[in-house]
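Trainee: Got a structure here, written out as structure tokens. Questions coming.
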Amino acid sequence: MLRVDIITIFPDMFGPVLNESILKRAQEKKKVDIRIHDLRDYTDDKKHRKVDDRPFGGGPGMLMMPQPLFDAVKAVKARRKVKVIYTSPAGKPFTQFYAKTLTKAQNLIIICGHYEGIDERVREHLVDEEISVGDYVLTGGELPAMLIVDAVTRLIPGVLGKEESLIHESFEGGLLEGPQYTRPADFRGKKVPDVLLSGNHKSIEKWRHEKALAMTKKVRPDLLKKGV
Ligand SMILES: C[S@@+](CC[C@H](N)C(=O)[O-])C[C@H]1O[C@@H](n2cnc3c(N)ncnc32)[C@H](O)[C@@H]1O
């Protein structure tokens with residue numbers, strides 16, 4: 001079972017996301033073990049539970065100090081073989097392919113940054129991989145950690161009801177998913193394409209592939225060039 005330990009100064013943010021729907025069921029089915037750790041429990045400053053300080057050399061904002069992070073990672077890691085991830089706008093872009101590679105890990109620790117980020121020594125000596133969830137700056141690493149856990153968990157065999165739902169979705173084969181329809185076949189005069197009602201699986205597959213290709217060409221031509 002994949003174990004994910006998340007180190008954060010906002011542990012309460014995670015409950016609503018982890019305790020609903022597929023993520024909740026994945027934990028109940030023992031497909032993933034997700035544990036949240038409050039970074040403030042590891043600071044030497046027991047009185048004020050401080051985890052940040054001003055940057056040397058000046059500059060705006062605060063940085064997360066090395067001591068609480070080093071001690072938190074050491075305690076959480078124990079003697080296990082763990083991949084330590086830091087969520088960061090300067091990280092490698094998170095993609096579906098990246099999510100797949102993380103399903104191969106046994107243990108992940110995700111450090112959620114805050115303020116202006118972390119002391120560089122944490123990056124140099126603790127972090128194995130730095131992951132960005134997009135070219136924009138968020139207030140903290142909690143939302144990125146949730147995105148990563150969600151995308152990785154649903155790829156673990158047995159988590160989704162039907163494994164084929166993974167085969168036909170966006171980014172598989174380098175394409176976005178094409179249009180889909182459900183009942184009724186005629187909604188206020190707006191009709192479902194005939195081919196989908198034909199029962200001819202070969203024609204349906206061909207139609208879906210053409211639509212997926214057209215959709216990708218239109219909105220994400222970059223995917224076709226690089227192949228996700
Ligand atoms: C305000 S940001 C710090 C930004 C940092 N000063 C910079 O310019 O790169 C605070 C924290 O949010 C998280 N974060 C923000 N944007 C992110 C992104 N696009 N991907 C992953 N994590 C992000 C990181 O953990 C970061 O340490």
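Order determines the names: the first chain of the structure tokens is A, the second B, and so forth; residues in each chain are numbered 1 upward, and ligands are numbered 1 upward as they are shown.
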Would you give me, as a count of residues only, the residues in region 44-175 of chain A that DSSP reads as helix (DSSP H, G or I)?
Mentor: 44
Trainee: Kindly provide, as a ChimeraX atom specification, all nucleotide and amino acid residues lying within 8 Å of ligand 1, counting only C-alpha atoms and all ligand atoms.
Mentor: /A:86-91,111-118,131-145
Trainee: Quick one: distance from CA of Arg188 (chain A) to CA of Ala214 (chain A) in Å, one decimal?
Mentor: 26.2 Å
Trainee: From a DSSP pass on the backbone, collect the residues of region 40-159 of chain A flagged as strand (DSSP E or B) and hand them back as a list in words.
Mentor: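 Reading the DSSP output for region 40-159 of chain A, strand (DSSP E or B) covers Asp52, Asp53, Leu63, Met64, Lys83, Val84, Ile85, Tyr86, Thr87, Ser88, Pro89, Ala90, Gly91, Lys92, Pro93, Asn107, Leu108, Ile109, Ile110, Ile111, Ile118, Glu129, Glu130, Ile131 and Ser132 of chain A.
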Trainee: Can you tell me how far CA of Pro55 (chain A) sits from CA of Ala75 (chain A), in Å to one decimal?
Mentor: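 One can read the CA of Pro55 (chain A) to CA of Ala75 (chain A) distance as 25.9 Å.
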Trainee: Between CA of Gln27 (chain A) and CA of Lys83 (chain A), what distance in Å does the model show, to one decimal?
Mentor: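 Here the two named atoms are 20.1 Å from each other.
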Trainee: What lies within 12 Å of Lys225 (chain A) using only C-alpha atoms, ignoring chain neighbours under 4 positions off, as a list in words?
Mentor: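 After dropping sequence-adjacent residues, the list is Gly174, Leu175, Thr216, Lys217, Arg220 and Pro221 of chain A.
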Trainee: Which residues, written as a PDB file with all heavy atoms, in the first residue's frame, have at least one atom at most 8 Å from Asp44 (chain A), with only C-alpha atoms counted and residues fewer than 4 positions away on the same chain left out?
Mentor:
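The result, stored in around12.pdb:
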```
ATOM      1  N   ARG A  49       5.570  28.109  19.023  1.00  0.00           N
ATOM      2  CA  ARG A  49       5.388  27.156  17.911  1.00  0.00           C
ATOM      3  C   ARG A  49       5.755  27.792  16.553  1.00  0.00           C
ATOM      4  O   ARG A  49       5.132  27.575  15.526  1.00  0.00           O
ATOM      5  CB  ARG A  49       3.949  26.614  17.893  1.00  0.00           C
ATOM      6  CG  ARG A  49       3.705  25.724  19.094  1.00  0.00           C
ATOM      7  CD  ARG A  49       2.266  25.358  19.309  1.00  0.00           C
ATOM      8  NE  ARG A  49       1.586  24.693  18.233  1.00  0.00           N
ATOM      9  CZ  ARG A  49       1.667  23.388  17.947  1.00  0.00           C
ATOM     10  NH1 ARG A  49       2.471  22.620  18.655  1.00  0.00           N
ATOM     11  NH2 ARG A  49       0.966  22.879  16.970  1.00  0.00           N
ATOM     12  N   GLN A  67      15.041  23.920  10.915  1.00  0.00           N
ATOM     13  CA  GLN A  67      14.927  22.975  12.053  1.00  0.00           C
ATOM     14  C   GLN A  67      13.596  22.206  12.097  1.00  0.00           C
ATOM     15  O   GLN A  67      13.613  20.964  12.159  1.00  0.00           O
ATOM     16  CB  GLN A  67      15.201  23.729  13.381  1.00  0.00           C
ATOM     17  CG  GLN A  67      15.042  22.870  14.631  1.00  0.00           C
ATOM     18  CD  GLN A  67      13.590  22.810  15.128  1.00  0.00           C
ATOM     19  OE1 GLN A  67      12.930  23.834  15.190  1.00  0.00           O
ATOM     20  NE2 GLN A  67      13.085  21.630  15.448  1.00  0.00           N
ATOM     21  N   PRO A  68      12.434  22.874  12.055  1.00  0.00           N
ATOM     22  CA  PRO A  68      11.190  22.085  12.139  1.00  0.00           C
ATOM     23  C   PRO A  68      11.052  21.102  10.973  1.00  0.00           C
ATOM     24  O   PRO A  68      10.607  19.965  11.170  1.00  0.00           O
ATOM     25  CB  PRO A  68      10.086  23.148  12.088  1.00  0.00           C
ATOM     26  CG  PRO A  68      10.751  24.429  12.493  1.00  0.00           C
ATOM     27  CD  PRO A  68      12.161  24.330  12.025  1.00  0.00           C
TER      28      PRO A  68
END
```
Trainee: Please identify all polymer residues within 10 Å of Leu108 (chain A), counting only C-alpha atoms, omitting same-chain residues fewer than 6 positions from it, and present them as a PyMOL selection string.
Mentor: chain A and resi 2-6+34+77+81-85+102+149
Trainee: Residues as selected, all heavy atoms, written as a tab-separated table (two decimals), in the first residue's frame, can you do that?
Mentor:
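File produced: again-v8.tsv:
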```tsv
chain	number	residue	atom	x	y	z
A	2	LEU	N	0.49	2.22	-0.84
A	2	LEU	CA	1.23	3.49	-0.87
A	2	LEU	C	0.94	4.30	0.40
A	2	LEU	O	-0.21	4.46	0.77
A	2	LEU	CB	0.80	4.31	-2.10
A	2	LEU	CG	1.33	5.74	-2.18
A	2	LEU	CD1	2.85	5.76	-2.34
A	2	LEU	CD2	0.67	6.52	-3.31
A	3	ARG	N	2.00	4.74	1.06
A	3	ARG	CA	1.80	5.62	2.22
A	3	ARG	C	2.26	7.03	1.86
A	3	ARG	O	3.35	7.21	1.30
A	3	ARG	CB	2.58	5.09	3.42
A	3	ARG	CG	2.49	6.05	4.58
A	3	ARG	CD	2.90	5.44	5.88
A	3	ARG	NE	3.34	6.47	6.79
A	3	ARG	CZ	3.80	6.25	8.00
A	3	ARG	NH1	3.91	5.02	8.45
A	3	ARG	NH2	4.19	7.26	8.77
A	4	VAL	N	1.41	8.00	2.16
A	4	VAL	CA	1.76	9.40	1.90
A	4	VAL	C	1.67	10.18	3.20
A	4	VAL	O	0.62	10.20	3.85
A	4	VAL	CB	0.79	10.05	0.87
A	4	VAL	CG1	1.27	11.44	0.50
A	4	VAL	CG2	0.64	9.19	-0.38
A	5	ASP	N	2.77	10.79	3.59
A	5	ASP	CA	2.79	11.65	4.77
A	5	ASP	C	2.90	13.10	4.30
A	5	ASP	O	3.79	13.42	3.52
A	5	ASP	CB	4.00	11.31	5.65
A	5	ASP	CG	3.86	9.95	6.31
A	5	ASP	OD1	3.24	9.89	7.39
A	5	ASP	OD2	4.34	8.96	5.73
A	6	ILE	N	1.99	13.93	4.77
A	6	ILE	CA	1.98	15.32	4.34
A	6	ILE	C	2.35	16.21	5.53
A	6	ILE	O	1.75	16.10	6.60
A	6	ILE	CB	0.59	15.70	3.79
A	6	ILE	CG1	0.27	14.82	2.56
A	6	ILE	CG2	0.54	17.18	3.42
A	6	ILE	CD1	-1.13	14.98	2.02
A	34	ILE	N	-2.92	7.79	4.06
A	34	ILE	CA	-2.53	9.21	4.01
A	34	ILE	C	-2.52	9.77	5.43
A	34	ILE	O	-3.52	9.67	6.15
A	34	ILE	CB	-3.51	10.03	3.14
A	34	ILE	CG1	-3.67	9.39	1.76
A	34	ILE	CG2	-3.04	11.48	3.00
A	34	ILE	CD1	-4.85	9.92	0.96
A	77	LYS	N	9.86	9.90	8.60
A	77	LYS	CA	10.55	8.93	7.76
A	77	LYS	C	10.86	7.65	8.54
A	77	LYS	O	10.77	6.55	8.00
A	77	LYS	CB	11.87	9.58	7.31
A	77	LYS	CG	12.44	9.06	6.04
A	77	LYS	CD	13.62	9.95	5.67
A	77	LYS	CE	14.16	9.62	4.33
A	77	LYS	NZ	15.20	10.53	3.89
A	81	LYS	N	12.23	3.67	3.46
A	81	LYS	CA	12.77	4.28	2.23
A	81	LYS	C	11.68	5.20	1.69
A	81	LYS	O	10.59	4.73	1.35
A	81	LYS	CB	13.09	3.17	1.23
A	81	LYS	CG	13.94	3.60	0.08
A	81	LYS	CD	14.46	2.37	-0.68
A	81	LYS	CE	15.20	2.80	-1.92
A	81	LYS	NZ	14.32	3.27	-2.99
A	82	VAL	N	11.97	6.49	1.65
A	82	VAL	CA	10.93	7.46	1.35
A	82	VAL	C	11.39	8.44	0.28
A	82	VAL	O	12.55	8.83	0.25
A	82	VAL	CB	10.58	8.26	2.64
A	82	VAL	CG1	9.62	9.39	2.34
A	82	VAL	CG2	9.99	7.35	3.71
A	83	LYS	N	10.45	8.83	-0.60
A	83	LYS	CA	10.76	9.89	-1.56
A	83	LYS	C	10.17	11.19	-0.99
A	83	LYS	O	8.98	11.24	-0.69
A	83	LYS	CB	10.09	9.56	-2.89
A	83	LYS	CG	10.48	10.49	-4.01
A	83	LYS	CD	9.72	10.14	-5.28
A	83	LYS	CE	10.22	8.87	-5.92
A	83	LYS	NZ	10.77	9.01	-7.22
A	84	VAL	N	11.04	12.19	-0.80
A	84	VAL	CA	10.57	13.45	-0.21
A	84	VAL	C	10.30	14.47	-1.32
A	84	VAL	O	11.19	14.80	-2.11
A	84	VAL	CB	11.60	14.02	0.79
A	84	VAL	CG1	11.10	15.34	1.39
A	84	VAL	CG2	11.88	13.01	1.91
A	85	ILE	N	9.06	14.93	-1.35
A	85	ILE	CA	8.63	15.88	-2.39
A	85	ILE	C	8.38	17.24	-1.75
A	85	ILE	O	7.78	17.33	-0.68
A	85	ILE	CB	7.31	15.37	-3.03
A	85	ILE	CG1	7.60	14.12	-3.87
A	85	ILE	CG2	6.66	16.45	-3.89
A	85	ILE	CD1	6.35	13.37	-4.28
A	102	LEU	N	4.69	8.21	-9.75
A	102	LEU	CA	4.62	8.25	-8.28
A	102	LEU	C	3.84	7.07	-7.70
A	102	LEU	O	4.03	6.71	-6.54
A	102	LEU	CB	4.01	9.57	-7.80
A	102	LEU	CG	4.86	10.82	-8.04
A	102	LEU	CD1	4.17	12.06	-7.51
A	102	LEU	CD2	6.24	10.69	-7.42
A	149	VAL	N	-1.98	14.01	-4.44
A	149	VAL	CA	-2.54	12.80	-3.80
A	149	VAL	C	-3.76	12.31	-4.58
A	149	VAL	O	-3.93	11.11	-4.79
A	149	VAL	CB	-2.91	13.11	-2.33
A	149	VAL	CG1	-3.78	12.03	-1.75
A	149	VAL	CG2	-1.64	13.24	-1.50
```
Trainee: Give me, as a list in words, all polymer residues having an atom no more than 8 Å from Leu69 (chain A), counting only C-alpha atoms and skipping those fewer than 6 positions away in the same chain.
Mentor: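 Counting only the stated atoms, we get Leu39, Tyr42 and Val122 of chain A.
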Trainee: Using only C-alpha atoms, determine which residues lie at most 12 Å from Leu213 (chain A), disregarding the query and same-chain residues fewer than 3 positions distant; provide the list as a count of residues only.
Mentor: 23
Trainee: Of the candidates A:Gly158, A:Gly15, A:Pro193, A:Pro184, which shows the shortest atom-to-atom distance to Lys30 (chain A), using only C-alpha atoms?
Mentor: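 For Lys30 (chain A), the nearest of the given residues is A:Gly158.
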Trainee: Between A:Asp71, A:Glu20, A:Asp53, A:Glu124, single out the one closest to His37 (chain A), counting only C-alpha atoms.
Mentor: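 Between A:Asp71, A:Glu20, A:Asp53, A:Glu124, the residue approaching His37 (chain A) most closely is A:Asp71.
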